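Enquirer: Before we start, here is the structure in question, set down as structure tokens.
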Amino acid sequence: MLSRTASNLFWIGRYMERAETGARLLNVGARNALIPNTGGGYRNEWESILAAGGHANAFAEKYGEPNQRNIESFMFFDMDNPASIASCMEAARENGRIVRTALTSQVWDALNSGFQEIREMRRTERSKMSISDLIDWTHSQAALVRGAIDGTQLRADGFDFLHLGYALERADSTARLLDVKYYVLLPQIDYVGSGFDNYQWETVLRANSAHRAFHWAYGGEVTPAKIADFLILNRKSPRSLITSAENAMHHLDRLSRAYGRGTEARTRVRSIVGELAETTIEDIFDEGLHEFLTRVIGEVSILSGLIHAAYLSGEMR
């Protein structure tokens with residue numbers, strides 16, 4: 001496969017997962033905005049969403065002080081924000097258009113219909129659209145595209161590049177969603193273990209569509225350690241960091257066999273999986289959850305660079 005085609009497929013996966021992450025971040029903000037502000041002036045929960053997504057400076061330059069309505073517009077519709085849901089959907093569709101012949105008609109139709117629908121939404125009066133409807137639409141559209149990929153794409157190298165994009169973006173997004181809670185949202189140490197703290201942890205579960213799955217896996221009392229374990233180290237959790245890393249390893253292994261050579265990316269992802277497999281939740285909290293998650297986000301970025309160097313730059317090594 002041409003490196004340019006591989007790159008387009010990889011970024012379809014990343015952009016679609018990134019769009020869904022934007023919806024999940026909005027869901028966290030919307031749910032936590034319902035909590036009465038009893039913290040005596042702690043950080044605005046919407047500001048926290050911007051910080052977690054790395055968008056605070058770009059937002060401030062365009063909108064100034066954050067408020068819910070502007071943040072919703074910035075994160076969903078703003079084409080000046082490359083990580084907005086609208087921008088991601090357009091970028092995914094454009095990458096799909098470029099490699100139209102590498103996609104089944106069902107995958108292309110899912111990408112194109114989502115793009116057309118969001119264009120119609122942008123022409124609709126904003127007051128007529130609730131944030132919950134926009135979030136639900138994004139989740140449905142992301143599921144439609146992914147279902148078309150899994151149900152119709154040939155299990156060849158293109159399939160692997162699509163899923164590599166999904167796996168890396170999902171690892172990054174899970175780390176950022178957890179970081180919203182632990183480092184940014186909690187107002188002060190006195191709130192640790194309180195009902196307010198526990199509500200926010202459960203909100204992170206719901207934002208990851210993992211509330212019921214968590215209770216199936218753990219049952220009983222909901223604790224921060226159990227939730228963090230579920231979203232970081234539990235192989236049964238579809239959005240956990242270790243599941244995402246193992247998915248990336250699986251597809252890099254397939255590519256190595258298909259092309260008859262190993263890569264630095266494959267070595268690196270094996271190292272990441274090995275470290276996560278030997279880590280306990282106690283180790284993570286001893287290091288500091290924010291510090292651990294920051295390190296994971298950095299590892300994902302390095303791995304993405306190695307994948308680019310190995311397969312997407314035209315200079316395979």
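Labeling convention for the structure tokens: chains A, B, ... as they appear, residues from 1 per chain, ligands from 1 in order of appearance.
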I'd like the contact shell of region 225-233 of chain A - 6 Å cut-off, only C-alpha atoms, skipping same-chain residues fewer than 2 positions apart - returned as an MDAnalysis selection string.

Expert: chainID A and resid 223 240:242 281

Enquirer: Contacts of region 69-77 of chain A at 8 Å or less, counting only C-alpha atoms, minus same-chain residues fewer than 5 places along, as a VMD selection string?

Expert: chain A and resid 22 to 23 26 46 50 59 63 83 to 87 122 131

Enquirer: Please produce an output containing all heavy atoms for each residue in the selection, written as an mmCIF file, in the first residue's frame.

Expert:
```
data_model
loop_
_atom_site.group_PDB
_atom_site.id
_atom_site.type_symbol
_atom_site.label_atom_id
_atom_site.label_comp_id
_atom_site.auth_asym_id
_atom_site.auth_seq_id
_atom_site.Cartn_x
_atom_site.Cartn_y
_atom_site.Cartn_z
ATOM 1 N N GLY A 22 -14.450 14.442 21.570
ATOM 2 C CA GLY A 22 -15.007 15.773 21.791
ATOM 3 C C GLY A 22 -16.396 15.696 22.402
ATOM 4 O O GLY A 22 -16.736 16.459 23.318
ATOM 5 N N ALA A 23 -17.203 14.756 21.895
ATOM 6 C CA ALA A 23 -18.547 14.573 22.454
ATOM 7 C C ALA A 23 -18.471 14.091 23.903
ATOM 8 O O ALA A 23 -19.267 14.511 24.750
ATOM 9 C CB ALA A 23 -19.330 13.571 21.606
ATOM 10 N N LEU A 26 -17.591 17.011 26.114
ATOM 11 C CA LEU A 26 -18.779 17.842 26.308
ATOM 12 C C LEU A 26 -19.745 17.200 27.293
ATOM 13 O O LEU A 26 -20.379 17.889 28.107
ATOM 14 C CB LEU A 26 -19.478 18.072 24.965
ATOM 15 C CG LEU A 26 -18.825 19.089 24.032
ATOM 16 C CD1 LEU A 26 -19.466 19.035 22.646
ATOM 17 C CD2 LEU A 26 -18.929 20.499 24.607
ATOM 18 N N TRP A 46 -16.222 23.897 32.780
ATOM 19 C CA TRP A 46 -16.052 24.016 31.340
ATOM 20 C C TRP A 46 -14.622 24.405 30.996
ATOM 21 O O TRP A 46 -14.057 23.958 30.000
ATOM 22 C CB TRP A 46 -17.045 25.022 30.773
ATOM 23 C CG TRP A 46 -18.431 24.476 30.801
ATOM 24 C CD1 TRP A 46 -19.434 24.784 31.681
ATOM 25 C CD2 TRP A 46 -18.979 23.478 29.922
ATOM 26 N NE1 TRP A 46 -20.553 24.056 31.395
ATOM 27 C CE2 TRP A 46 -20.314 23.246 30.324
ATOM 28 C CE3 TRP A 46 -18.469 22.780 28.840
ATOM 29 C CZ2 TRP A 46 -21.135 22.332 29.678
ATOM 30 C CZ3 TRP A 46 -19.287 21.872 28.191
ATOM 31 C CH2 TRP A 46 -20.606 21.653 28.611
ATOM 32 N N LEU A 50 -11.641 22.429 28.465
ATOM 33 C CA LEU A 50 -10.711 23.050 27.526
ATOM 34 C C LEU A 50 -9.278 22.684 27.866
ATOM 35 O O LEU A 50 -8.473 22.354 26.981
ATOM 36 C CB LEU A 50 -10.869 24.571 27.555
ATOM 37 C CG LEU A 50 -12.154 25.159 26.973
ATOM 38 C CD1 LEU A 50 -12.196 26.659 27.239
ATOM 39 C CD2 LEU A 50 -12.247 24.883 25.480
ATOM 40 N N PHE A 59 -9.037 28.802 22.554
ATOM 41 C CA PHE A 59 -10.360 29.311 22.896
ATOM 42 C C PHE A 59 -10.266 30.748 23.398
ATOM 43 O O PHE A 59 -11.053 31.617 22.997
ATOM 44 C CB PHE A 59 -11.012 28.428 23.958
ATOM 45 C CG PHE A 59 -12.350 28.934 24.420
ATOM 46 C CD1 PHE A 59 -13.510 28.567 23.752
ATOM 47 C CD2 PHE A 59 -12.452 29.797 25.515
ATOM 48 C CE1 PHE A 59 -14.745 29.047 24.171
ATOM 49 C CE2 PHE A 59 -13.687 30.274 25.927
ATOM 50 C CZ PHE A 59 -14.837 29.897 25.260
ATOM 51 N N TYR A 63 -12.503 33.703 21.996
ATOM 52 C CA TYR A 63 -13.732 33.967 22.731
ATOM 53 C C TYR A 63 -13.528 34.728 24.048
ATOM 54 O O TYR A 63 -14.495 35.247 24.596
ATOM 55 C CB TYR A 63 -14.442 32.641 23.057
ATOM 56 C CG TYR A 63 -14.970 31.906 21.854
ATOM 57 C CD1 TYR A 63 -14.195 30.957 21.205
ATOM 58 C CD2 TYR A 63 -16.254 32.141 21.366
ATOM 59 C CE1 TYR A 63 -14.681 30.255 20.104
ATOM 60 C CE2 TYR A 63 -16.747 31.447 20.271
ATOM 61 C CZ TYR A 63 -15.950 30.511 19.645
ATOM 62 O OH TYR A 63 -16.436 29.823 18.558
ATOM 63 N N ALA A 83 -9.787 20.563 16.337
ATOM 64 C CA ALA A 83 -10.259 19.409 17.100
ATOM 65 C C ALA A 83 -11.758 19.442 17.357
ATOM 66 O O ALA A 83 -12.274 18.583 18.072
ATOM 67 C CB ALA A 83 -9.516 19.326 18.438
ATOM 68 N N SER A 84 -12.472 20.431 16.789
ATOM 69 C CA SER A 84 -13.921 20.446 16.969
ATOM 70 C C SER A 84 -14.532 19.244 16.268
ATOM 71 O O SER A 84 -13.945 18.668 15.340
ATOM 72 C CB SER A 84 -14.535 21.739 16.438
ATOM 73 O OG SER A 84 -14.525 21.747 15.015
ATOM 74 N N ILE A 85 -15.717 18.858 16.704
ATOM 75 C CA ILE A 85 -16.380 17.708 16.100
ATOM 76 C C ILE A 85 -16.629 17.943 14.616
ATOM 77 O O ILE A 85 -16.388 17.065 13.780
ATOM 78 C CB ILE A 85 -17.683 17.399 16.858
ATOM 79 C CG1 ILE A 85 -17.348 16.884 18.269
ATOM 80 C CG2 ILE A 85 -18.533 16.377 16.097
ATOM 81 C CD1 ILE A 85 -18.529 16.829 19.213
ATOM 82 N N ALA A 86 -17.058 19.142 14.256
ATOM 83 C CA ALA A 86 -17.298 19.456 12.844
ATOM 84 C C ALA A 86 -16.006 19.369 12.040
ATOM 85 O O ALA A 86 -15.985 18.824 10.921
ATOM 86 C CB ALA A 86 -17.911 20.847 12.717
ATOM 87 N N SER A 87 -14.914 19.911 12.588
ATOM 88 C CA SER A 87 -13.630 19.857 11.886
ATOM 89 C C SER A 87 -13.154 18.422 11.701
ATOM 90 O O SER A 87 -12.652 18.048 10.633
ATOM 91 C CB SER A 87 -12.562 20.650 12.656
ATOM 92 O OG SER A 87 -12.828 22.027 12.650
ATOM 93 N N ARG A 122 -24.997 23.072 11.016
ATOM 94 C CA ARG A 122 -24.355 24.385 11.127
ATOM 95 C C ARG A 122 -25.247 25.494 10.596
ATOM 96 O O ARG A 122 -25.077 26.658 10.964
ATOM 97 C CB ARG A 122 -23.021 24.381 10.384
ATOM 98 C CG ARG A 122 -21.966 23.484 11.041
ATOM 99 C CD ARG A 122 -20.686 23.426 10.251
ATOM 100 N NE ARG A 122 -20.052 24.744 10.198
ATOM 101 C CZ ARG A 122 -19.111 25.075 9.330
ATOM 102 N NH1 ARG A 122 -18.728 24.200 8.398
ATOM 103 N NH2 ARG A 122 -18.570 26.262 9.355
ATOM 104 N N ILE A 131 -27.391 20.367 23.668
ATOM 105 C CA ILE A 131 -26.074 19.736 23.684
ATOM 106 C C ILE A 131 -26.206 18.227 23.800
ATOM 107 O O ILE A 131 -25.406 17.480 23.214
ATOM 108 C CB ILE A 131 -25.216 20.323 24.833
ATOM 109 C CG1 ILE A 131 -23.760 19.832 24.711
ATOM 110 C CG2 ILE A 131 -25.779 19.976 26.186
ATOM 111 C CD1 ILE A 131 -23.079 20.222 23.433
#
```

Enquirer: Rounded to one decimal place, report the CA of Tyr311 (chain A)-CA of Arg18 (chain A) distance in Å.

Expert: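 Going from CA of Tyr311 (chain A) over to CA of Arg18 (chain A), I get 21.2 Å.
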
Enquirer: Can you work out which one of A:Ser313, A:Ser113, A:Thr21, A:Ser127 has the shortest atom-to-atom distance to Arg239 (chain A), counting only C-alpha atoms?

Expert: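 Looking at the shortest contact to Arg239 (chain A), the residue is A:Thr21.
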
Enquirer: Would you mind reading off the distance between CA of Trp11 (chain A) and CA of Leu162 (chain A), one decimal, in Å?

Expert: 7.4 Å

Enquirer: Could you tell me which of A:Ala171, A:Ile49, A:Ala310, A:Leu205 comes closest to Glu264 (chain A) if we count only C-alpha atoms?

Expert: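 Closest to Glu264 (chain A) of all the choices is A:Ala310.
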
Enquirer: Find the residue from A:Pro238, A:Tyr218, A:Ser304, A:Leu177 that sits nearest to Trp201 (chain A); use only C-alpha atoms when measuring.

Expert: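 Looking only at the distances to Trp201 (chain A), the closest residue turns out to be A:Leu177.
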
Enquirer: When you count only C-alpha atoms, which of these residues is closest to Glu65 (chain A): A:Asp179, A:Asp80, A:Glu47, A:Asn208?

Expert: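 Of A:Asp179, A:Asp80, A:Glu47, A:Asn208, the one nearest Glu65 (chain A) is A:Glu47, counting only C-alpha atoms.
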
Enquirer: Between A:Ser173, A:Asn67, A:Ser132, A:Asn95, which one has atoms that come closest to Ile12 (chain A), using only C-alpha atoms?

Expert: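 Counting only C-alpha atoms, the residue closest to Ile12 (chain A) is A:Asn95.
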
Enquirer: If we count only C-alpha atoms and set the cut-off at 9 Å, which residues sit around Leu178 (chain A), ignoring sequence neighbours fewer than 2 positions away in its own chain? Please answer as number ranges by chain.

Expert: A: 173-176, 180-183, 201, 204, 228, 231, 289-290, 293
